[in-house]
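Undergrad: Sharing run.pdb here; it has PDB, C-alpha atoms, pLDDT in the B column.
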```
MODEL        1
ATOM      1  CA  MET F   1      12.352 -34.564  -8.282  1.00 66.00           C
ATOM      2  CA  ALA F   2      13.335 -31.213  -6.796  1.00 90.00           C
ATOM      3  CA  VAL F   3      17.020 -30.327  -6.602  1.00 95.00           C
ATOM      4  CA  LEU F   4      18.254 -30.379  -3.002  1.00 97.00           C
ATOM      5  CA  LEU F   5      21.945 -29.583  -3.529  1.00 98.00           C
ATOM      6  CA  ASP F   6      23.275 -27.797  -6.594  1.00 98.00           C
ATOM      7  CA  VAL F   7      26.993 -27.591  -7.415  1.00 98.00           C
ATOM      8  CA  LYS F   8      28.037 -25.252 -10.218  1.00 98.00           C
ATOM      9  CA  ASP F   9      31.490 -24.856 -11.825  1.00 97.00           C
ATOM     10  CA  LEU F  10      33.204 -25.973  -8.623  1.00 97.00           C
ATOM     11  CA  THR F  11      36.994 -25.683  -8.690  1.00 97.00           C
ATOM     12  CA  LYS F  12      39.699 -26.145  -6.066  1.00 97.00           C
ATOM     13  CA  ASN F  13      43.309 -25.270  -6.780  1.00 96.00           C
ATOM     14  CA  PHE F  14      46.201 -26.260  -4.534  1.00 92.00           C
ATOM     15  CA  GLY F  15      49.015 -24.127  -5.869  1.00 88.00           C
ATOM     16  CA  GLY F  16      49.269 -25.020  -9.545  1.00 86.00           C
ATOM     17  CA  LEU F  17      47.258 -28.235  -9.163  1.00 90.00           C
ATOM     18  CA  ALA F  18      43.522 -28.288  -9.875  1.00 93.00           C
ATOM     19  CA  ALA F  19      42.267 -31.041  -7.553  1.00 95.00           C
ATOM     20  CA  VAL F  20      38.683 -30.323  -8.644  1.00 96.00           C
ATOM     21  CA  SER F  21      37.947 -28.508 -11.897  1.00 96.00           C
ATOM     22  CA  ASP F  22      34.633 -27.083 -13.164  1.00 97.00           C
ATOM     23  CA  VAL F  23      32.467 -29.761 -11.555  1.00 97.00           C
ATOM     24  CA  ASN F  24      28.715 -29.513 -12.003  1.00 98.00           C
ATOM     25  CA  LEU F  25      26.412 -31.923 -10.196  1.00 97.00           C
ATOM     26  CA  HIS F  26      23.115 -32.013  -8.369  1.00 97.00           C
ATOM     27  CA  LEU F  27      21.446 -34.137  -5.716  1.00 97.00           C
ATOM     28  CA  ASP F  28      17.671 -34.528  -5.629  1.00 96.00           C
ATOM     29  CA  ASP F  29      15.274 -35.360  -2.820  1.00 94.00           C
ATOM     30  CA  ASN F  30      15.545 -38.872  -1.400  1.00 93.00           C
ATOM     31  CA  GLU F  31      17.935 -40.357  -3.950  1.00 94.00           C
ATOM     32  CA  LEU F  32      21.093 -42.410  -3.587  1.00 95.00           C
ATOM     33  CA  VAL F  33      23.976 -41.203  -5.744  1.00 96.00           C
ATOM     34  CA  ALA F  34      27.485 -42.644  -6.017  1.00 96.00           C
ATOM     35  CA  LEU F  35      30.695 -40.785  -6.831  1.00 96.00           C
ATOM     36  CA  ILE F  36      33.370 -43.075  -8.254  1.00 95.00           C
ATOM     37  CA  GLY F  37      36.773 -42.721  -9.860  1.00 92.00           C
ATOM     38  CA  PRO F  38      40.416 -43.760  -9.526  1.00 89.00           C
ATOM     39  CA  ASN F  39      42.489 -42.936  -6.460  1.00 88.00           C
ATOM     40  CA  GLY F  40      43.526 -39.292  -6.607  1.00 89.00           C
ATOM     41  CA  ALA F  41      40.576 -38.318  -8.820  1.00 91.00           C
ATOM     42  CA  GLY F  42      39.480 -35.628  -6.324  1.00 93.00           C
ATOM     43  CA  LYS F  43      36.471 -37.391  -4.784  1.00 94.00           C
ATOM     44  CA  THR F  44      37.251 -36.660  -1.125  1.00 94.00           C
ATOM     45  CA  THR F  45      38.296 -33.099  -2.012  1.00 95.00           C
ATOM     46  CA  LEU F  46      34.863 -32.669  -3.587  1.00 96.00           C
ATOM     47  CA  PHE F  47      33.252 -33.957  -0.363  1.00 94.00           C
ATOM     48  CA  ASN F  48      35.377 -31.531   1.646  1.00 95.00           C
ATOM     49  CA  LEU F  49      34.254 -28.635  -0.539  1.00 96.00           C
ATOM     50  CA  MET F  50      30.564 -29.491  -0.232  1.00 96.00           C
ATOM     51  CA  THR F  51      30.707 -29.924   3.554  1.00 95.00           C
ATOM     52  CA  GLY F  52      32.780 -26.808   4.276  1.00 95.00           C
ATOM     53  CA  GLN F  53      36.015 -28.553   5.254  1.00 94.00           C
ATOM     54  CA  THR F  54      37.807 -26.829   2.360  1.00 95.00           C
ATOM     55  CA  PRO F  55      36.900 -23.493   0.705  1.00 96.00           C
ATOM     56  CA  PRO F  56      36.445 -23.579  -3.084  1.00 96.00           C
ATOM     57  CA  SER F  57      38.638 -21.525  -5.391  1.00 96.00           C
ATOM     58  CA  GLU F  58      35.743 -20.950  -7.785  1.00 97.00           C
ATOM     59  CA  GLY F  59      32.131 -21.991  -8.250  1.00 97.00           C
ATOM     60  CA  SER F  60      29.224 -22.364  -5.873  1.00 97.00           C
ATOM     61  CA  ILE F  61      27.431 -24.924  -3.682  1.00 97.00           C
ATOM     62  CA  SER F  62      23.761 -24.239  -2.947  1.00 97.00           C
ATOM     63  CA  LEU F  63      21.358 -26.053  -0.616  1.00 97.00           C
ATOM     64  CA  ARG F  64      17.579 -25.842  -0.729  1.00 96.00           C
ATOM     65  CA  THR F  65      16.140 -24.576   2.558  1.00 93.00           C
ATOM     66  CA  ASN F  66      12.775 -23.246   3.703  1.00 90.00           C
ATOM     67  CA  GLU F  67      13.969 -19.825   2.568  1.00 90.00           C
ATOM     68  CA  GLY F  68      14.952 -21.083  -0.899  1.00 92.00           C
ATOM     69  CA  MET F  69      18.382 -21.983  -2.280  1.00 95.00           C
ATOM     70  CA  GLN F  70      21.196 -20.796   0.009  1.00 96.00           C
ATOM     71  CA  VAL F  71      24.843 -20.623  -1.033  1.00 97.00           C
ATOM     72  CA  LEU F  72      27.098 -22.595   1.311  1.00 96.00           C
ATOM     73  CA  ASN F  73      30.367 -20.969   0.197  1.00 96.00           C
ATOM     74  CA  GLY F  74      32.179 -19.445   3.167  1.00 92.00           C
ATOM     75  CA  LYS F  75      30.105 -21.149   5.841  1.00 95.00           C
ATOM     76  CA  LYS F  76      31.817 -23.098   8.628  1.00 94.00           C
ATOM     77  CA  PRO F  77      31.468 -26.905   8.663  1.00 93.00           C
ATOM     78  CA  TYR F  78      29.327 -26.773  11.825  1.00 91.00           C
ATOM     79  CA  HIS F  79      26.957 -24.258  10.194  1.00 93.00           C
ATOM     80  CA  ILE F  80      26.637 -26.522   7.157  1.00 95.00           C
ATOM     81  CA  ALA F  81      26.011 -29.495   9.459  1.00 92.00           C
ATOM     82  CA  ASP F  82      23.266 -27.512  11.218  1.00 92.00           C
ATOM     83  CA  MET F  83      21.707 -26.847   7.800  1.00 94.00           C
ATOM     84  CA  GLY F  84      21.422 -30.569   7.157  1.00 94.00           C
ATOM     85  CA  LEU F  85      24.648 -31.952   5.644  1.00 96.00           C
ATOM     86  CA  ALA F  86      26.310 -34.785   7.581  1.00 94.00           C
ATOM     87  CA  ARG F  87      29.280 -36.925   6.611  1.00 93.00           C
ATOM     88  CA  THR F  88      31.519 -39.803   7.524  1.00 92.00           C
ATOM     89  CA  PHE F  89      35.240 -40.010   6.806  1.00 88.00           C
ATOM     90  CA  GLN F  90      37.614 -42.475   5.150  1.00 83.00           C
ATOM     91  CA  ASN F  91      39.372 -42.908   8.483  1.00 85.00           C
ATOM     92  CA  ILE F  92      36.954 -43.639  11.321  1.00 86.00           C
ATOM     93  CA  ARG F  93      36.669 -40.625  13.636  1.00 87.00           C
ATOM     94  CA  LEU F  94      34.713 -41.936  16.586  1.00 93.00           C
ATOM     95  CA  PHE F  95      35.308 -40.906  20.191  1.00 92.00           C
ATOM     96  CA  LYS F  96      36.829 -44.311  20.848  1.00 90.00           C
ATOM     97  CA  GLU F  97      37.140 -43.966  24.634  1.00 94.00           C
ATOM     98  CA  LEU F  98      33.463 -43.112  24.968  1.00 95.00           C
ATOM     99  CA  SER F  99      30.561 -45.541  24.862  1.00 97.00           C
ATOM    100  CA  VAL F 100      28.490 -46.211  21.777  1.00 97.00           C
ATOM    101  CA  LEU F 101      25.581 -44.320  23.343  1.00 96.00           C
ATOM    102  CA  ASP F 102      27.697 -41.292  24.233  1.00 95.00           C
ATOM    103  CA  ASN F 103      29.030 -41.121  20.667  1.00 95.00           C
ATOM    104  CA  VAL F 104      25.457 -40.809  19.420  1.00 95.00           C
ATOM    105  CA  LEU F 105      24.400 -38.355  22.148  1.00 93.00           C
ATOM    106  CA  ILE F 106      27.265 -35.997  21.312  1.00 91.00           C
ATOM    107  CA  SER F 107      25.975 -35.725  17.748  1.00 89.00           C
ATOM    108  CA  MET F 108      22.543 -34.695  18.999  1.00 87.00           C
ATOM    109  CA  THR F 109      23.720 -31.653  20.925  1.00 77.00           C
ATOM    110  CA  SER F 110      23.975 -29.333  17.908  1.00 66.00           C
ATOM    111  CA  LYS F 111      20.204 -29.339  17.389  1.00 59.00           C
ATOM    112  CA  ASN F 112      19.236 -29.701  21.059  1.00 61.00           C
ATOM    113  CA  LYS F 113      20.998 -26.827  22.769  1.00 60.00           C
ATOM    114  CA  GLU F 114      20.109 -26.397  26.440  1.00 58.00           C
ATOM    115  CA  ASN F 115      20.253 -23.020  28.179  1.00 57.00           C
ATOM    116  CA  PHE F 116      23.699 -22.514  29.758  1.00 52.00           C
ATOM    117  CA  PHE F 117      22.391 -21.702  33.220  1.00 52.00           C
ATOM    118  CA  GLY F 118      19.863 -24.508  32.997  1.00 56.00           C
ATOM    119  CA  SER F 119      22.710 -26.908  32.306  1.00 56.00           C
ATOM    120  CA  LEU F 120      24.809 -25.399  35.073  1.00 59.00           C
ATOM    121  CA  ILE F 121      22.223 -25.709  37.838  1.00 62.00           C
ATOM    122  CA  ARG F 122      20.506 -28.804  36.397  1.00 67.00           C
ATOM    123  CA  THR F 123      16.941 -27.518  36.102  1.00 68.00           C
ATOM    124  CA  PRO F 124      14.011 -29.951  35.654  1.00 74.00           C
ATOM    125  CA  ASN F 125      13.938 -28.987  31.962  1.00 77.00           C
ATOM    126  CA  PHE F 126      17.596 -30.031  31.648  1.00 72.00           C
ATOM    127  CA  TYR F 127      16.783 -33.517  32.933  1.00 74.00           C
ATOM    128  CA  LYS F 128      13.754 -33.768  30.650  1.00 86.00           C
ATOM    129  CA  THR F 129      15.901 -32.903  27.623  1.00 81.00           C
ATOM    130  CA  GLU F 130      18.591 -35.338  28.725  1.00 85.00           C
ATOM    131  CA  ALA F 131      16.059 -38.164  29.083  1.00 88.00           C
ATOM    132  CA  ARG F 132      14.472 -37.391  25.723  1.00 89.00           C
ATOM    133  CA  LEU F 133      17.818 -37.396  23.915  1.00 91.00           C
ATOM    134  CA  ARG F 134      18.849 -40.636  25.579  1.00 92.00           C
ATOM    135  CA  LYS F 135      15.623 -42.309  24.417  1.00 93.00           C
ATOM    136  CA  GLU F 136      16.074 -40.965  20.869  1.00 92.00           C
ATOM    137  CA  ALA F 137      19.674 -42.247  20.801  1.00 94.00           C
ATOM    138  CA  LEU F 138      18.653 -45.695  22.025  1.00 95.00           C
ATOM    139  CA  ASP F 139      15.819 -45.813  19.498  1.00 93.00           C
ATOM    140  CA  LEU F 140      18.285 -44.977  16.736  1.00 93.00           C
ATOM    141  CA  LEU F 141      20.663 -47.716  17.882  1.00 94.00           C
ATOM    142  CA  GLU F 142      17.753 -50.157  17.968  1.00 94.00           C
ATOM    143  CA  ILE F 143      16.931 -49.457  14.316  1.00 90.00           C
ATOM    144  CA  PHE F 144      20.411 -50.732  13.445  1.00 90.00           C
ATOM    145  CA  GLU F 145      20.326 -53.543  16.028  1.00 90.00           C
ATOM    146  CA  MET F 146      23.077 -51.996  18.154  1.00 93.00           C
ATOM    147  CA  GLN F 147      21.066 -51.213  21.294  1.00 94.00           C
ATOM    148  CA  ASP F 148      22.778 -54.059  23.194  1.00 95.00           C
ATOM    149  CA  LEU F 149      26.127 -52.354  22.568  1.00 95.00           C
ATOM    150  CA  ALA F 150      25.028 -48.988  24.005  1.00 96.00           C
ATOM    151  CA  ASP F 151      27.408 -49.173  26.989  1.00 96.00           C
ATOM    152  CA  THR F 152      30.317 -50.716  25.041  1.00 96.00           C
ATOM    153  CA  LEU F 153      33.389 -48.581  24.390  1.00 96.00           C
ATOM    154  CA  ALA F 154      33.567 -47.689  20.716  1.00 95.00           C
ATOM    155  CA  SER F 155      37.178 -48.894  20.614  1.00 94.00           C
ATOM    156  CA  ASN F 156      36.119 -52.395  21.727  1.00 96.00           C
ATOM    157  CA  MET F 157      33.791 -53.012  18.784  1.00 94.00           C
ATOM    158  CA  PRO F 158      34.689 -54.830  15.544  1.00 91.00           C
ATOM    159  CA  TYR F 159      35.695 -52.690  12.579  1.00 89.00           C
ATOM    160  CA  GLY F 160      32.395 -53.137  10.745  1.00 88.00           C
ATOM    161  CA  ALA F 161      30.408 -52.124  13.840  1.00 91.00           C
ATOM    162  CA  GLN F 162      32.561 -49.008  14.240  1.00 93.00           C
ATOM    163  CA  ARG F 163      31.789 -48.061  10.649  1.00 91.00           C
ATOM    164  CA  ARG F 164      28.085 -48.564  11.312  1.00 91.00           C
ATOM    165  CA  LEU F 165      28.281 -46.442  14.468  1.00 94.00           C
ATOM    166  CA  GLU F 166      29.887 -43.610  12.511  1.00 94.00           C
ATOM    167  CA  ILE F 167      26.932 -43.666  10.113  1.00 93.00           C
ATOM    168  CA  ILE F 168      24.463 -43.749  13.031  1.00 94.00           C
ATOM    169  CA  ARG F 169      26.242 -40.795  14.628  1.00 93.00           C
ATOM    170  CA  ALA F 170      25.880 -38.821  11.389  1.00 93.00           C
ATOM    171  CA  LEU F 171      22.177 -39.736  11.197  1.00 94.00           C
ATOM    172  CA  ALA F 172      21.720 -38.477  14.760  1.00 93.00           C
ATOM    173  CA  THR F 173      22.167 -34.931  13.448  1.00 92.00           C
ATOM    174  CA  LYS F 174      18.954 -35.431  11.404  1.00 92.00           C
ATOM    175  CA  PRO F 175      20.520 -34.529   8.058  1.00 94.00           C
ATOM    176  CA  LYS F 176      18.902 -33.809   4.715  1.00 95.00           C
ATOM    177  CA  ILE F 177      21.937 -35.263   2.952  1.00 96.00           C
ATOM    178  CA  LEU F 178      24.323 -37.943   4.195  1.00 96.00           C
ATOM    179  CA  PHE F 179      27.812 -38.071   2.666  1.00 96.00           C
ATOM    180  CA  LEU F 180      29.512 -41.463   3.025  1.00 95.00           C
ATOM    181  CA  ASP F 181      33.240 -41.436   2.227  1.00 93.00           C
ATOM    182  CA  GLU F 182      34.351 -45.002   1.376  1.00 91.00           C
ATOM    183  CA  PRO F 183      32.268 -46.694   4.084  1.00 91.00           C
ATOM    184  CA  ALA F 184      33.266 -50.186   2.887  1.00 89.00           C
ATOM    185  CA  ALA F 185      37.018 -49.509   3.081  1.00 86.00           C
ATOM    186  CA  GLY F 186      38.767 -52.318   4.940  1.00 83.00           C
ATOM    187  CA  MET F 187      35.643 -54.444   5.288  1.00 86.00           C
ATOM    188  CA  ASN F 188      35.427 -58.151   4.622  1.00 87.00           C
ATOM    189  CA  PRO F 189      32.649 -59.516   2.332  1.00 88.00           C
ATOM    190  CA  GLU F 190      30.268 -60.179   5.245  1.00 89.00           C
ATOM    191  CA  GLU F 191      30.721 -56.672   6.626  1.00 87.00           C
ATOM    192  CA  THR F 192      30.251 -55.192   3.134  1.00 89.00           C
ATOM    193  CA  ALA F 193      27.010 -57.135   2.678  1.00 89.00           C
ATOM    194  CA  ALA F 194      25.785 -55.823   6.053  1.00 88.00           C
ATOM    195  CA  LEU F 195      26.768 -52.280   5.026  1.00 88.00           C
ATOM    196  CA  THR F 196      24.822 -52.621   1.765  1.00 89.00           C
ATOM    197  CA  ALA F 197      21.740 -53.567   3.786  1.00 89.00           C
ATOM    198  CA  THR F 198      22.358 -50.625   6.144  1.00 89.00           C
ATOM    199  CA  ILE F 199      22.511 -48.116   3.288  1.00 90.00           C
ATOM    200  CA  ARG F 200      19.281 -49.469   1.832  1.00 87.00           C
ATOM    201  CA  GLN F 201      17.691 -49.274   5.280  1.00 87.00           C
ATOM    202  CA  ILE F 202      18.723 -45.632   5.622  1.00 90.00           C
ATOM    203  CA  GLN F 203      16.925 -44.803   2.382  1.00 82.00           C
ATOM    204  CA  LYS F 204      13.802 -46.677   3.479  1.00 80.00           C
ATOM    205  CA  ASP F 205      13.569 -45.515   7.098  1.00 86.00           C
ATOM    206  CA  PHE F 206      14.913 -41.960   6.933  1.00 90.00           C
ATOM    207  CA  GLY F 207      13.969 -40.789   3.441  1.00 90.00           C
ATOM    208  CA  ILE F 208      17.125 -38.727   3.015  1.00 94.00           C
ATOM    209  CA  THR F 209      19.521 -38.174   0.135  1.00 95.00           C
ATOM    210  CA  VAL F 210      22.771 -40.154   0.228  1.00 96.00           C
ATOM    211  CA  LEU F 211      25.974 -39.395  -1.696  1.00 96.00           C
ATOM    212  CA  LEU F 212      28.436 -42.269  -1.574  1.00 95.00           C
ATOM    213  CA  ILE F 213      32.134 -42.464  -2.465  1.00 94.00           C
ATOM    214  CA  GLU F 214      33.066 -46.091  -2.893  1.00 92.00           C
ATOM    215  CA  HIS F 215      35.546 -48.334  -4.737  1.00 90.00           C
ATOM    216  CA  ASP F 216      33.525 -51.518  -4.221  1.00 90.00           C
ATOM    217  CA  MET F 217      31.674 -51.645  -7.532  1.00 91.00           C
ATOM    218  CA  SER F 218      29.315 -54.440  -6.466  1.00 90.00           C
ATOM    219  CA  LEU F 219      28.080 -52.228  -3.615  1.00 92.00           C
ATOM    220  CA  VAL F 220      27.798 -49.172  -5.885  1.00 94.00           C
ATOM    221  CA  MET F 221      25.907 -50.982  -8.632  1.00 93.00           C
ATOM    222  CA  ASN F 222      23.560 -52.562  -6.084  1.00 91.00           C
ATOM    223  CA  VAL F 223      22.482 -49.386  -4.299  1.00 93.00           C
ATOM    224  CA  ALA F 224      23.072 -46.332  -6.520  1.00 95.00           C
ATOM    225  CA  GLU F 225      20.326 -44.759  -8.610  1.00 95.00           C
ATOM    226  CA  ARG F 226      22.743 -42.403 -10.359  1.00 97.00           C
ATOM    227  CA  ILE F 227      26.522 -42.376 -10.609  1.00 97.00           C
ATOM    228  CA  TYR F 228      29.012 -39.570 -11.213  1.00 97.00           C
ATOM    229  CA  VAL F 229      32.485 -40.533 -12.443  1.00 96.00           C
ATOM    230  CA  LEU F 230      35.407 -38.255 -11.584  1.00 95.00           C
ATOM    231  CA  GLN F 231      38.812 -38.394 -13.272  1.00 93.00           C
ATOM    232  CA  TYR F 232      41.693 -35.981 -12.696  1.00 93.00           C
ATOM    233  CA  GLY F 233      39.313 -33.657 -10.856  1.00 94.00           C
ATOM    234  CA  LYS F 234      36.839 -33.421 -13.746  1.00 95.00           C
ATOM    235  CA  LEU F 235      33.527 -35.155 -14.325  1.00 96.00           C
ATOM    236  CA  LEU F 236      33.984 -37.868 -16.918  1.00 95.00           C
ATOM    237  CA  ALA F 237      30.407 -39.199 -16.984  1.00 95.00           C
ATOM    238  CA  GLU F 238      27.036 -39.241 -15.230  1.00 96.00           C
ATOM    239  CA  GLY F 239      24.206 -41.729 -15.542  1.00 96.00           C
ATOM    240  CA  THR F 240      22.405 -44.769 -14.205  1.00 96.00           C
ATOM    241  CA  PRO F 241      24.446 -47.832 -13.180  1.00 95.00           C
ATOM    242  CA  LYS F 242      23.547 -49.503 -16.483  1.00 95.00           C
ATOM    243  CA  GLU F 243      24.668 -46.451 -18.471  1.00 96.00           C
ATOM    244  CA  ILE F 244      27.940 -46.190 -16.542  1.00 95.00           C
ATOM    245  CA  GLN F 245      28.710 -49.899 -16.974  1.00 92.00           C
ATOM    246  CA  SER F 246      28.385 -49.547 -20.737  1.00 92.00           C
ATOM    247  CA  ASN F 247      30.185 -46.184 -21.058  1.00 93.00           C
ATOM    248  CA  GLN F 248      33.400 -46.899 -22.961  1.00 92.00           C
ATOM    249  CA  ALA F 249      35.215 -43.855 -21.593  1.00 91.00           C
ATOM    250  CA  VAL F 250      34.477 -44.994 -18.023  1.00 91.00           C
ATOM    251  CA  ILE F 251      35.518 -48.558 -18.803  1.00 89.00           C
ATOM    252  CA  ASP F 252      38.821 -47.391 -20.276  1.00 86.00           C
ATOM    253  CA  ALA F 253      39.531 -44.944 -17.444  1.00 79.00           C
ATOM    254  CA  TYR F 254      38.359 -46.849 -14.392  1.00 75.00           C
ATOM    255  CA  LEU F 255      36.139 -49.907 -14.534  1.00 67.00           C
ATOM    256  CA  GLY F 256      38.328 -52.047 -16.798  1.00 64.00           C
ATOM    257  CA  GLY F 257      37.475 -54.436 -19.597  1.00 53.00           C
ATOM    258  CA  GLY F 258      36.106 -57.157 -17.331  1.00 48.00           C
ATOM    259  CA  VAL F 259      32.944 -55.233 -16.463  1.00 44.00           C
TER     260      VAL F 259
ENDMDL
END
```
Produce structure tokens that represent the structure in this file.
TA:
Amino acid sequence: MAVLLDVKDLTKNFGGLAAVSDVNLHLDDNELVALIGPNGAGKTTLFNLMTGQTPPSEGSISLRTNEGMQVLNGKKPYHIADMGLARTFQNIRLFKELSVLDNVLISMTSKNKENFFGSLIRTPNFYKTEARLRKEALDLLEIFEMQDLADTLASNMPYGAQRRLEIIRALATKPKILFLDEPAAGMNPEETAALTATIRQIQKDFGITVLLIEHDMSLVMNVAERIYVLQYGKLLAEGTPKEIQSNQAVIDAYLGGGV
């Protein structure tokens, strides 16, 4: 498969601490990859580097575009999002006082910009765009069986549904790569099972690449095609779930002897 995102010698120093050190990884077309490791291993920092939230100290991040591989270093997060990288966060960041539908519609604006004066005077084209986006948002909610919650305030939904909405909102930007940062955090077993099905559905219906940070090993082993293991900011191992489960260094550092 063709490389979609290429990370080379990526390093991030905070003072004298190397939170991420000489990391090399790649993501290919339409694959589901997991990034695991102990708390404090640098996983979220690595996400922040790849999505432009934090500038790297050294190394490069490159994304394949129609014009070839483009370096993402120095680009703003919203530019990187426009290029096709979307993410969720450990802590849910919905607009909780807005409806489910409005949360999705807001995410669609970056790639559906209306002319300023057209928006100001409400031209016929403005209303056509508004109607089209509303239909697309409702269709997206229907895929995940949330269309009946379209007018519900995000804050009034159960925790698992809020997590699902955050993923839907990221998908509304039509990304090439979806970064999921601990999506199962705080979920009960039923919600985790539903999330596992959602992630599989994303792969099937959208055909995009997914990079997942997760501590729930049953979820990781069930959905991931490849796994990267991070420890103390450095890559400890990379391989298939079967290879990672039998890697003694990974077992000693993270998985534990019961695996």
Undergrad: Could you state the separation of atom CA of F:Ala81 and atom CA of F:Ala154 in Å, given to one decimal place?
TA: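 Computed distance, atom CA of F:Ala81 to atom CA of F:Ala154, equals 22.7 Å.
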Undergrad: Would you mind reading off the distance between atom CA of F:Glu31 and atom CA of F:Leu101, one decimal, in Å?
TA: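 Between atom CA of F:Glu31 and atom CA of F:Leu101 the gap is 28.6 Å.
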Undergrad: Rank F:Arg134, F:Arg87, F:Arg163, F:Lys75 by their smallest atom-to-atom distance to F:Leu212, using only C-alpha atoms, and report the top residue only.
TA: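 Checking each of F:Arg134, F:Arg87, F:Arg163, F:Lys75 against F:Leu212, counting only C-alpha atoms, the winner is F:Arg87.
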Undergrad: Env of stretch 45-51 of chain F: 8 Å cut, atoms = all atoms listed in the file, seq-sep filter 2 positions within chain, self excluded. Answer as number ranges by chain.
TA: F: 19-20, 42-43, 53-56, 61, 72, 77, 80-81, 85-87, 179, 181
Undergrad: So which residues get picked by the PyMOL selection byres ((chain F and resi 192) around 12) here, written as an NGL selection string?
TA: :F and (159-161 or 163-164 or 182-191 or 193-199 or 214-220 or 222)
Undergrad: List, as a ChimeraX atom specification, every residue that the PyMOL selection byres ((chain F and resi 64) around 12) selects in the file provided.
TA: /F:2-7,26-29,61-63,65-72,83-85,176-177
Undergrad: Within 8 Å of F:Leu10, counting all atoms listed in the file, which residues qualify if same-chain residues fewer than 4 places away don't, as a PDB file with C-alpha atoms, keeping the file's coordinate frame?
TA:
```
ATOM      1  CA  VAL F  20      38.683 -30.323  -8.644  1.00 96.00           C
ATOM      2  CA  SER F  21      37.947 -28.508 -11.897  1.00 96.00           C
ATOM      3  CA  ASP F  22      34.633 -27.083 -13.164  1.00 97.00           C
ATOM      4  CA  VAL F  23      32.467 -29.761 -11.555  1.00 97.00           C
ATOM      5  CA  ASN F  24      28.715 -29.513 -12.003  1.00 98.00           C
ATOM      6  CA  PRO F  56      36.445 -23.579  -3.084  1.00 96.00           C
ATOM      7  CA  SER F  57      38.638 -21.525  -5.391  1.00 96.00           C
ATOM      8  CA  GLU F  58      35.743 -20.950  -7.785  1.00 97.00           C
ATOM      9  CA  GLY F  59      32.131 -21.991  -8.250  1.00 97.00           C
ATOM     10  CA  SER F  60      29.224 -22.364  -5.873  1.00 97.00           C
ATOM     11  CA  ILE F  61      27.431 -24.924  -3.682  1.00 97.00           C
TER      12      ILE F  61
END
```
Undergrad: Distance atom CA of F:Leu178-atom CA of F:Val210, one decimal place?
TA: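 If I compute the distance from atom CA of F:Leu178 to atom CA of F:Val210, I get 4.8 Å.
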Undergrad: Running the PyMOL selection byres ((chain F and resi 166) around 8) on this model by hand, what would come out? Give it as a PyMOL selection string.
TA: chain F and resi 88+92-94+162-165+167-170
Undergrad: With distances taken over only C-alpha atoms, which residue among F:Gly207, F:Ile227, F:Tyr232, F:Pro38 lies nearest F:Asn247?
TA: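 Answer, going by the shortest atom-to-atom distance: F:Ile227.
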Undergrad: Skip F:Asp151 itself and residues of its chain fewer than 2 positions away, then list as an MDAnalysis selection string all residues within 12 Å of it, counting only C-alpha atoms.
TA: chainID F and resid 97:104 138 141 146:149 153:157
